[in-house]
file start-v6.pdb (PDB, N, CA and C atoms)
MODEL        1
ATOM      1  N   MET A  51     -10.252  20.637  -3.025
ATOM      2  CA  MET A  51     -10.573  21.025  -1.664
ATOM      3  C   MET A  51     -11.241  19.870  -0.925
ATOM      4  N   LYS A  52     -12.118  19.148  -1.611
ATOM      5  CA  LYS A  52     -12.821  18.031  -0.982
ATOM      6  C   LYS A  52     -11.839  16.944  -0.548
ATOM      7  N   ASN A  53     -10.866  16.620  -1.425
ATOM      8  CA  ASN A  53      -9.882  15.597  -1.078
ATOM      9  C   ASN A  53      -9.014  16.032   0.092
ATOM     10  N   SER A  54      -8.658  17.300   0.173
ATOM     11  CA  SER A  54      -7.849  17.806   1.282
ATOM     12  C   SER A  54      -8.597  17.642   2.592
ATOM     13  N   PHE A  55      -9.886  17.962   2.596
ATOM     14  CA  PHE A  55     -10.686  17.810   3.807
ATOM     15  C   PHE A  55     -10.754  16.348   4.231
ATOM     16  N   LEU A  56     -10.929  15.449   3.273
ATOM     17  CA  LEU A  56     -11.019  14.021   3.590
ATOM     18  C   LEU A  56      -9.700  13.487   4.147
ATOM     19  N   ILE A  57      -8.586  13.963   3.616
ATOM     20  CA  ILE A  57      -7.282  13.525   4.108
ATOM     21  C   ILE A  57      -7.066  14.002   5.542
ATOM     22  N   VAL A  58      -7.374  15.260   5.814
ATOM     23  CA  VAL A  58      -7.234  15.790   7.169
ATOM     24  C   VAL A  58      -8.176  15.070   8.123
ATOM     25  N   PHE A  59      -9.392  14.800   7.697
ATOM     26  CA  PHE A  59     -10.351  14.080   8.531
ATOM     27  C   PHE A  59      -9.838  12.672   8.858
ATOM     28  N   ALA A  60      -9.266  11.995   7.860
ATOM     29  CA  ALA A  60      -8.733  10.647   8.078
ATOM     30  C   ALA A  60      -7.561  10.672   9.045
ATOM     31  N   LEU A  61      -6.716  11.697   8.967
ATOM     32  CA  LEU A  61      -5.595  11.806   9.893
ATOM     33  C   LEU A  61      -6.073  12.054  11.317
ATOM     34  N   LEU A  62      -7.148  12.799  11.473
ATOM     35  CA  LEU A  62      -7.667  13.081  12.804
ATOM     36  C   LEU A  62      -8.396  11.888  13.414
ATOM     37  N   CYS A  63      -8.804  10.938  12.597
ATOM     38  CA  CYS A  63      -9.532   9.774  13.093
ATOM     39  C   CYS A  63      -8.613   8.665  13.597
ATOM     40  N   THR A  64      -7.316   8.897  13.606
ATOM     41  CA  THR A  64      -6.383   7.897  14.105
ATOM     42  C   THR A  64      -6.505   7.815  15.614
ATOM     43  N   LEU A  65      -6.561   6.607  16.139
ATOM     44  CA  LEU A  65      -6.752   6.385  17.567
ATOM     45  C   LEU A  65      -5.669   5.454  18.080
ATOM     46  N   ILE A  66      -4.993   5.867  19.147
ATOM     47  CA  ILE A  66      -3.994   5.023  19.793
ATOM     48  C   ILE A  66      -4.384   4.908  21.256
ATOM     49  N   ALA A  67      -4.459   3.673  21.744
ATOM     50  CA  ALA A  67      -4.844   3.442  23.137
ATOM     51  C   ALA A  67      -3.718   2.718  23.858
ATOM     52  N   ARG A  68      -3.382   3.180  25.034
ATOM     53  CA  ARG A  68      -2.327   2.570  25.846
ATOM     54  C   ARG A  68      -2.971   1.739  26.934
ATOM     55  N   GLY A  69      -2.520   0.491  27.098
ATOM     56  CA  GLY A  69      -3.079  -0.408  28.099
ATOM     57  C   GLY A  69      -2.497  -0.157  29.479
ATOM     58  N   GLN A  70      -2.849  -0.989  30.414
ATOM     59  CA  GLN A  70      -2.351  -0.884  31.773
ATOM     60  C   GLN A  70      -0.899  -1.342  31.828
ATOM     61  N   ASP A  71      -0.186  -0.905  32.880
ATOM     62  CA  ASP A  71       1.207  -1.293  33.031
ATOM     63  C   ASP A  71       1.354  -2.788  33.295
ATOM     64  N   SER A  72       0.513  -3.353  34.141
ATOM     65  CA  SER A  72       0.591  -4.785  34.428
ATOM     66  C   SER A  72      -0.623  -5.472  33.805
ATOM     67  N   SER A  73      -0.373  -6.174  32.715
ATOM     68  CA  SER A  73      -1.452  -6.833  32.003
ATOM     69  C   SER A  73      -1.019  -8.242  31.635
ATOM     70  N   LYS A  74      -1.949  -9.184  31.655
ATOM     71  CA  LYS A  74      -1.647 -10.549  31.254
ATOM     72  C   LYS A  74      -1.703 -10.705  29.736
ATOM     73  N   PHE A  75      -2.272  -9.715  29.058
ATOM     74  CA  PHE A  75      -2.360  -9.719  27.601
ATOM     75  C   PHE A  75      -1.006  -9.274  27.049
ATOM     76  N   PHE A  76      -0.479  -9.969  26.031
ATOM     77  CA  PHE A  76       0.866  -9.694  25.517
ATOM     78  C   PHE A  76       0.988  -8.297  24.917
ATOM     79  N   PHE A  77       0.011  -7.863  24.134
ATOM     80  CA  PHE A  77       0.081  -6.558  23.475
ATOM     81  C   PHE A  77      -0.418  -5.479  24.428
ATOM     82  N   ASP A  78       0.372  -4.410  24.590
ATOM     83  CA  ASP A  78      -0.010  -3.352  25.510
ATOM     84  C   ASP A  78      -0.394  -2.052  24.808
ATOM     85  N   GLU A  79      -0.398  -2.047  23.485
ATOM     86  CA  GLU A  79      -0.791  -0.853  22.735
ATOM     87  C   GLU A  79      -1.568  -1.284  21.496
ATOM     88  N   VAL A  80      -2.658  -0.592  21.211
ATOM     89  CA  VAL A  80      -3.508  -0.917  20.071
ATOM     90  C   VAL A  80      -3.690   0.345  19.233
ATOM     91  N   GLY A  81      -3.635   0.201  17.921
ATOM     92  CA  GLY A  81      -3.839   1.338  17.029
ATOM     93  C   GLY A  81      -4.887   1.034  15.975
ATOM     94  N   VAL A  82      -5.743   2.003  15.696
ATOM     95  CA  VAL A  82      -6.771   1.889  14.664
ATOM     96  C   VAL A  82      -6.658   3.137  13.792
ATOM     97  N   SER A  83      -6.705   2.973  12.472
ATOM     98  CA  SER A  83      -6.573   4.128  11.588
ATOM     99  C   SER A  83      -7.490   4.002  10.382
ATOM    100  N   VAL A  84      -7.741   5.135   9.755
ATOM    101  CA  VAL A  84      -8.487   5.209   8.503
ATOM    102  C   VAL A  84      -7.504   5.712   7.449
ATOM    103  N   ASN A  85      -7.498   5.086   6.267
ATOM    104  CA  ASN A  85      -6.595   5.531   5.214
ATOM    105  C   ASN A  85      -7.355   5.697   3.904
ATOM    106  N   ARG A  86      -6.702   6.352   2.951
ATOM    107  CA  ARG A  86      -7.294   6.584   1.637
ATOM    108  C   ARG A  86      -6.185   6.531   0.600
ATOM    109  N   THR A  87      -6.439   5.811  -0.493
ATOM    110  CA  THR A  87      -5.453   5.784  -1.561
ATOM    111  C   THR A  87      -5.421   7.140  -2.238
ATOM    112  N   HIS A  88      -4.264   7.491  -2.750
ATOM    113  CA  HIS A  88      -4.117   8.771  -3.440
ATOM    114  C   HIS A  88      -3.200   8.543  -4.636
ATOM    115  N   LEU A  89      -3.808   8.302  -5.803
ATOM    116  CA  LEU A  89      -3.056   8.048  -7.029
ATOM    117  C   LEU A  89      -3.268   9.192  -8.004
ATOM    118  N   PHE A  90      -2.223   9.505  -8.739
ATOM    119  CA  PHE A  90      -2.315  10.566  -9.750
ATOM    120  C   PHE A  90      -2.608   9.925 -11.101
ATOM    121  N   ASP A  91      -3.787   9.353 -11.217
ATOM    122  CA  ASP A  91      -4.183   8.635 -12.422
ATOM    123  C   ASP A  91      -5.614   9.032 -12.749
ATOM    124  N   GLU A  92      -5.858   9.394 -13.991
ATOM    125  CA  GLU A  92      -7.185   9.856 -14.403
ATOM    126  C   GLU A  92      -8.224   8.735 -14.405
ATOM    127  N   THR A  93      -7.788   7.493 -14.535
ATOM    128  CA  THR A  93      -8.735   6.383 -14.626
ATOM    129  C   THR A  93      -8.949   5.674 -13.290
ATOM    130  N   THR A  94      -8.379   6.198 -12.212
ATOM    131  CA  THR A  94      -8.475   5.551 -10.907
ATOM    132  C   THR A  94      -9.267   6.412  -9.940
ATOM    133  N   GLU A  95     -10.203   5.780  -9.248
ATOM    134  CA  GLU A  95     -10.986   6.452  -8.213
ATOM    135  C   GLU A  95     -10.443   6.007  -6.860
ATOM    136  N   ASP A  96      -9.984   6.972  -6.057
ATOM    137  CA  ASP A  96      -9.445   6.655  -4.739
ATOM    138  C   ASP A  96     -10.570   6.256  -3.796
ATOM    139  N   ARG A  97     -10.272   5.317  -2.906
ATOM    140  CA  ARG A  97     -11.265   4.837  -1.951
ATOM    141  C   ARG A  97     -10.656   4.777  -0.553
ATOM    142  N   PHE A  98     -11.527   4.666   0.454
ATOM    143  CA  PHE A  98     -11.090   4.594   1.844
ATOM    144  C   PHE A  98     -10.740   3.167   2.231
ATOM    145  N   GLY A  99      -9.939   3.039   3.274
ATOM    146  CA  GLY A  99      -9.568   1.754   3.838
ATOM    147  C   GLY A  99      -9.388   1.907   5.338
ATOM    148  N   PHE A 100      -8.818   0.895   5.967
ATOM    149  CA  PHE A 100      -8.624   0.945   7.409
ATOM    150  C   PHE A 100      -7.353   0.194   7.785
ATOM    151  N   GLY A 101      -6.901   0.427   8.998
ATOM    152  CA  GLY A 101      -5.744  -0.270   9.532
ATOM    153  C   GLY A 101      -5.963  -0.592  10.995
ATOM    154  N   VAL A 102      -5.451  -1.730  11.423
ATOM    155  CA  VAL A 102      -5.538  -2.166  12.814
ATOM    156  C   VAL A 102      -4.165  -2.706  13.202
ATOM    157  N   GLY A 103      -3.679  -2.316  14.372
ATOM    158  CA  GLY A 103      -2.376  -2.791  14.818
ATOM    159  C   GLY A 103      -2.354  -3.037  16.313
ATOM    160  N   ALA A 104      -1.517  -3.968  16.733
ATOM    161  CA  ALA A 104      -1.304  -4.248  18.150
ATOM    162  C   ALA A 104       0.200  -4.346  18.375
ATOM    163  N   TYR A 105       0.695  -3.707  19.438
ATOM    164  CA  TYR A 105       2.121  -3.592  19.676
ATOM    165  C   TYR A 105       2.458  -3.952  21.120
ATOM    166  N   HIS A 106       3.676  -4.449  21.310
ATOM    167  CA  HIS A 106       4.177  -4.740  22.653
ATOM    168  C   HIS A 106       5.501  -4.016  22.819
ATOM    169  N   SER A 107       5.650  -3.329  23.921
ATOM    170  CA  SER A 107       6.865  -2.590  24.221
ATOM    171  C   SER A 107       7.683  -3.368  25.248
ATOM    172  N   PHE A 108       8.909  -3.743  24.872
ATOM    173  CA  PHE A 108       9.821  -4.397  25.797
ATOM    174  C   PHE A 108      10.645  -3.319  26.496
ATOM    175  N   ARG A 109      10.821  -3.431  27.797
ATOM    176  CA  ARG A 109      11.548  -2.473  28.622
ATOM    177  C   ARG A 109      10.931  -1.075  28.544
ATOM    178  N   PRO A 110       9.634  -0.908  28.808
ATOM    179  CA  PRO A 110       9.003   0.412  28.672
ATOM    180  C   PRO A 110       9.519   1.447  29.673
ATOM    181  N   GLU A 111      10.118   1.008  30.772
ATOM    182  CA  GLU A 111      10.594   1.954  31.781
ATOM    183  C   GLU A 111      11.949   2.555  31.405
ATOM    184  N   LYS A 112      12.630   2.014  30.410
ATOM    185  CA  LYS A 112      13.949   2.484  29.992
ATOM    186  C   LYS A 112      13.830   3.575  28.937
ATOM    187  N   VAL A 113      14.929   4.309  28.737
ATOM    188  CA  VAL A 113      14.957   5.354  27.715
ATOM    189  C   VAL A 113      14.920   4.723  26.321
ATOM    190  N   MET A 114      15.679   3.658  26.126
ATOM    191  CA  MET A 114      15.683   2.942  24.852
ATOM    192  C   MET A 114      14.915   1.632  25.048
ATOM    193  N   ASN A 115      13.859   1.435  24.285
ATOM    194  CA  ASN A 115      13.098   0.193  24.383
ATOM    195  C   ASN A 115      12.854  -0.375  22.993
ATOM    196  N   ILE A 116      12.339  -1.578  22.937
ATOM    197  CA  ILE A 116      12.063  -2.266  21.678
ATOM    198  C   ILE A 116      10.550  -2.429  21.550
ATOM    199  N   VAL A 117      10.030  -2.096  20.386
ATOM    200  CA  VAL A 117       8.601  -2.232  20.126
ATOM    201  C   VAL A 117       8.412  -3.267  19.026
ATOM    202  N   PHE A 118       7.545  -4.241  19.281
ATOM    203  CA  PHE A 118       7.229  -5.309  18.341
ATOM    204  C   PHE A 118       5.720  -5.324  18.156
ATOM    205  N   GLY A 119       5.244  -5.617  16.957
ATOM    206  CA  GLY A 119       3.797  -5.640  16.763
ATOM    207  C   GLY A 119       3.363  -6.331  15.490
ATOM    208  N   LEU A 120       2.051  -6.308  15.280
ATOM    209  CA  LEU A 120       1.411  -6.825  14.077
ATOM    210  C   LEU A 120       0.437  -5.770  13.566
ATOM    211  N   GLU A 121       0.416  -5.570  12.252
ATOM    212  CA  GLU A 121      -0.508  -4.609  11.643
ATOM    213  C   GLU A 121      -1.225  -5.252  10.466
ATOM    214  N   LEU A 122      -2.490  -4.908  10.308
ATOM    215  CA  LEU A 122      -3.282  -5.299   9.146
ATOM    216  C   LEU A 122      -3.816  -4.017   8.519
ATOM    217  N   ASN A 123      -3.542  -3.817   7.241
ATOM    218  CA  ASN A 123      -4.035  -2.647   6.521
ATOM    219  C   ASN A 123      -4.819  -3.102   5.296
ATOM    220  N   HIS A 124      -5.940  -2.444   5.059
ATOM    221  CA  HIS A 124      -6.790  -2.738   3.906
ATOM    222  C   HIS A 124      -6.960  -1.444   3.119
ATOM    223  N   THR A 125      -6.640  -1.480   1.838
ATOM    224  CA  THR A 125      -6.872  -0.334   0.954
ATOM    225  C   THR A 125      -7.661  -0.801  -0.257
ATOM    226  N   SER A 126      -8.298   0.143  -0.919
ATOM    227  CA  SER A 126      -9.133  -0.186  -2.060
ATOM    228  C   SER A 126      -9.035   0.927  -3.091
ATOM    229  N   GLN A 127      -9.151   0.566  -4.352
ATOM    230  CA  GLN A 127      -9.187   1.548  -5.434
ATOM    231  C   GLN A 127      -9.995   0.979  -6.593
ATOM    232  N   PHE A 128     -10.630   1.872  -7.334
ATOM    233  CA  PHE A 128     -11.468   1.490  -8.470
ATOM    234  C   PHE A 128     -10.834   2.022  -9.739
ATOM    235  N   LYS A 129     -10.670   1.162 -10.739
ATOM    236  CA  LYS A 129     -10.112   1.574 -12.024
ATOM    237  C   LYS A 129     -11.169   1.396 -13.112
ATOM    238  N   GLU A 130     -11.319   2.412 -13.926
ATOM    239  CA  GLU A 130     -12.250   2.323 -15.053
ATOM    240  C   GLU A 130     -11.757   1.317 -16.092
ATOM    241  N   ARG A 131     -10.441   1.277 -16.275
ATOM    242  CA  ARG A 131      -9.858   0.382 -17.280
ATOM    243  C   ARG A 131      -8.525  -0.128 -16.760
ATOM    244  N   ALA A 132      -8.328  -1.447 -16.798
ATOM    245  CA  ALA A 132      -7.082  -2.064 -16.340
ATOM    246  C   ALA A 132      -6.584  -3.017 -17.420
ATOM    247  N   GLU A 133      -5.302  -2.932 -17.713
ATOM    248  CA  GLU A 133      -4.703  -3.830 -18.700
ATOM    249  C   GLU A 133      -4.608  -5.221 -18.093
ATOM    250  N   ALA A 134      -5.164  -6.226 -18.772
ATOM    251  CA  ALA A 134      -5.164  -7.593 -18.258
ATOM    252  C   ALA A 134      -4.009  -8.388 -18.855
ATOM    253  N   LYS A 135      -3.898  -8.385 -20.170
ATOM    254  CA  LYS A 135      -2.816  -9.092 -20.862
ATOM    255  C   LYS A 135      -2.336  -8.189 -21.986
ATOM    256  N   ARG A 136      -1.546  -8.745 -22.863
ATOM    257  CA  ARG A 136      -0.929  -7.938 -23.907
ATOM    258  C   ARG A 136      -1.950  -7.241 -24.811
ATOM    259  N   PHE A 137      -2.971  -7.944 -25.243
ATOM    260  CA  PHE A 137      -3.952  -7.363 -26.165
ATOM    261  C   PHE A 137      -5.354  -7.345 -25.575
ATOM    262  N   SER A 138      -5.482  -7.309 -24.260
ATOM    263  CA  SER A 138      -6.809  -7.293 -23.657
ATOM    264  C   SER A 138      -6.826  -6.354 -22.458
ATOM    265  N   HIS A 139      -8.022  -6.027 -22.045
ATOM    266  CA  HIS A 139      -8.182  -5.169 -20.870
ATOM    267  C   HIS A 139      -9.483  -5.529 -20.159
ATOM    268  N   ARG A 140      -9.620  -5.037 -18.951
ATOM    269  CA  ARG A 140     -10.845  -5.216 -18.174
ATOM    270  C   ARG A 140     -11.338  -3.839 -17.782
ATOM    271  N   GLU A 141     -12.642  -3.726 -17.647
ATOM    272  CA  GLU A 141     -13.245  -2.444 -17.272
ATOM    273  C   GLU A 141     -13.969  -2.574 -15.943
ATOM    274  N   ASP A 142     -14.054  -1.462 -15.211
ATOM    275  CA  ASP A 142     -14.728  -1.395 -13.913
ATOM    276  C   ASP A 142     -14.171  -2.434 -12.936
ATOM    277  N   VAL A 143     -12.904  -2.272 -12.586
ATOM    278  CA  VAL A 143     -12.198  -3.207 -11.715
ATOM    279  C   VAL A 143     -11.972  -2.557 -10.352
ATOM    280  N   THR A 144     -12.282  -3.279  -9.283
ATOM    281  CA  THR A 144     -12.000  -2.817  -7.928
ATOM    282  C   THR A 144     -10.868  -3.656  -7.357
ATOM    283  N   TYR A 145      -9.779  -3.001  -6.993
ATOM    284  CA  TYR A 145      -8.652  -3.674  -6.356
ATOM    285  C   TYR A 145      -8.780  -3.511  -4.851
ATOM    286  N   SER A 146      -8.735  -4.608  -4.121
ATOM    287  CA  SER A 146      -8.696  -4.598  -2.661
ATOM    288  C   SER A 146      -7.361  -5.192  -2.246
ATOM    289  N   ILE A 147      -6.575  -4.416  -1.522
ATOM    290  CA  ILE A 147      -5.232  -4.837  -1.145
ATOM    291  C   ILE A 147      -5.170  -4.957   0.368
ATOM    292  N   ASN A 148      -4.836  -6.139   0.858
ATOM    293  CA  ASN A 148      -4.679  -6.390   2.283
ATOM    294  C   ASN A 148      -3.210  -6.696   2.560
ATOM    295  N   THR A 149      -2.638  -6.027   3.557
ATOM    296  CA  THR A 149      -1.252  -6.272   3.918
ATOM    297  C   THR A 149      -1.139  -6.563   5.401
ATOM    298  N   ILE A 150      -0.283  -7.494   5.726
ATOM    299  CA  ILE A 150       0.056  -7.791   7.115
ATOM    300  C   ILE A 150       1.534  -7.477   7.279
ATOM    301  N   SER A 151       1.862  -6.694   8.289
ATOM    302  CA  SER A 151       3.259  -6.344   8.524
ATOM    303  C   SER A 151       3.625  -6.574   9.987
ATOM    304  N   VAL A 152       4.916  -6.756  10.212
ATOM    305  CA  VAL A 152       5.449  -6.978  11.552
ATOM    306  C   VAL A 152       6.463  -5.855  11.821
ATOM    307  N   PRO A 153       6.019  -4.739  12.384
ATOM    308  CA  PRO A 153       6.951  -3.641  12.656
ATOM    309  C   PRO A 153       7.802  -3.925  13.895
ATOM    310  N   VAL A 154       9.062  -3.632  13.795
ATOM    311  CA  VAL A 154       9.984  -3.741  14.925
ATOM    312  C   VAL A 154      10.752  -2.427  14.975
ATOM    313  N   GLY A 155      10.784  -1.833  16.134
ATOM    314  CA  GLY A 155      11.466  -0.539  16.264
ATOM    315  C   GLY A 155      12.170  -0.400  17.587
TER
ENDMDL
END
call {"tool": "encode", "arguments": {"input": "start-v6.pdb", "output": "structure tokens"}}
result
Amino acid sequence: MKNSFLIVFALLCTLIARGQDSSKFFFDEVGVSVNRTHLFDETTEDRFGFGVGAYHSFRPEKVMNIVFGLELNHTSQFKERAEAKRFSHREDVTYSINTISVPVG
């Protein structure tokens, strides 16, 4: 129940802001989000992360337009035990994963 509440809360914290129609700044839309890893693993503790994105819409007045942008997402997870090599392991490991993507739609 606690995880369900946190997931719904994270979905509600998503914010999208639309800029002015005539702007000298290239990106006209900004997005900020909160995310959480969700793994079905007994040795992994899910953690929160965040995302930031900026987008530009080409031909916004038309029915069909092109959207281009940049996104940065950060996620984190904690593992009690992680396999390091063939006959070794590490304990209490925190993985921080940062991704940069270029969405085009």
call {"tool": "closest_residue", "arguments": {"input": "start-v6.pdb", "among": "A:Gly81, A:Ser54, A:Gly99, A:Phe137", "to": "Leu120 (chain A)", "atoms": "only C-alpha atoms"}}
result
A:Gly81
call {"tool": "residues_around", "arguments": {"input": "start-v6.pdb", "residues": "His124 (chain A)", "least_positions_apart": "6", "cutoff": "7 Å", "atoms": "all atoms listed in the file", "output": "ChimeraX atom specification"}}
result
/A:98-102,146-149
call {"tool": "resolve_selection", "arguments": {"input": "start-v6.pdb", "expression": "the PyMOL selection byres (((chain A and resi 143 and name CA) around 10) and name CA)", "output": "PyMOL selection string"}}
result
chain A and resi 94+127-132+140-142+144-146
call {"tool": "atom_distance", "arguments": {"input": "start-v6.pdb", "atom1": "CA of Leu89 (chain A)", "atom2": "CA of Ser126 (chain A)"}}
result
11.4 Å
call {"tool": "residues_around", "arguments": {"input": "start-v6.pdb", "residues": "region 112-116 of chain A", "least_positions_apart": "4", "cutoff": "5 Å", "atoms": "all atoms listed in the file", "output": "ChimeraX atom specification"}}
result
/A:107-108,155
call {"tool": "closest_residue", "arguments": {"input": "start-v6.pdb", "among": "A:Lys135, A:Pro153, A:Glu79, A:His88", "to": "Gly119 (chain A)", "atoms": "only C-alpha atoms"}}
result
A:Pro153
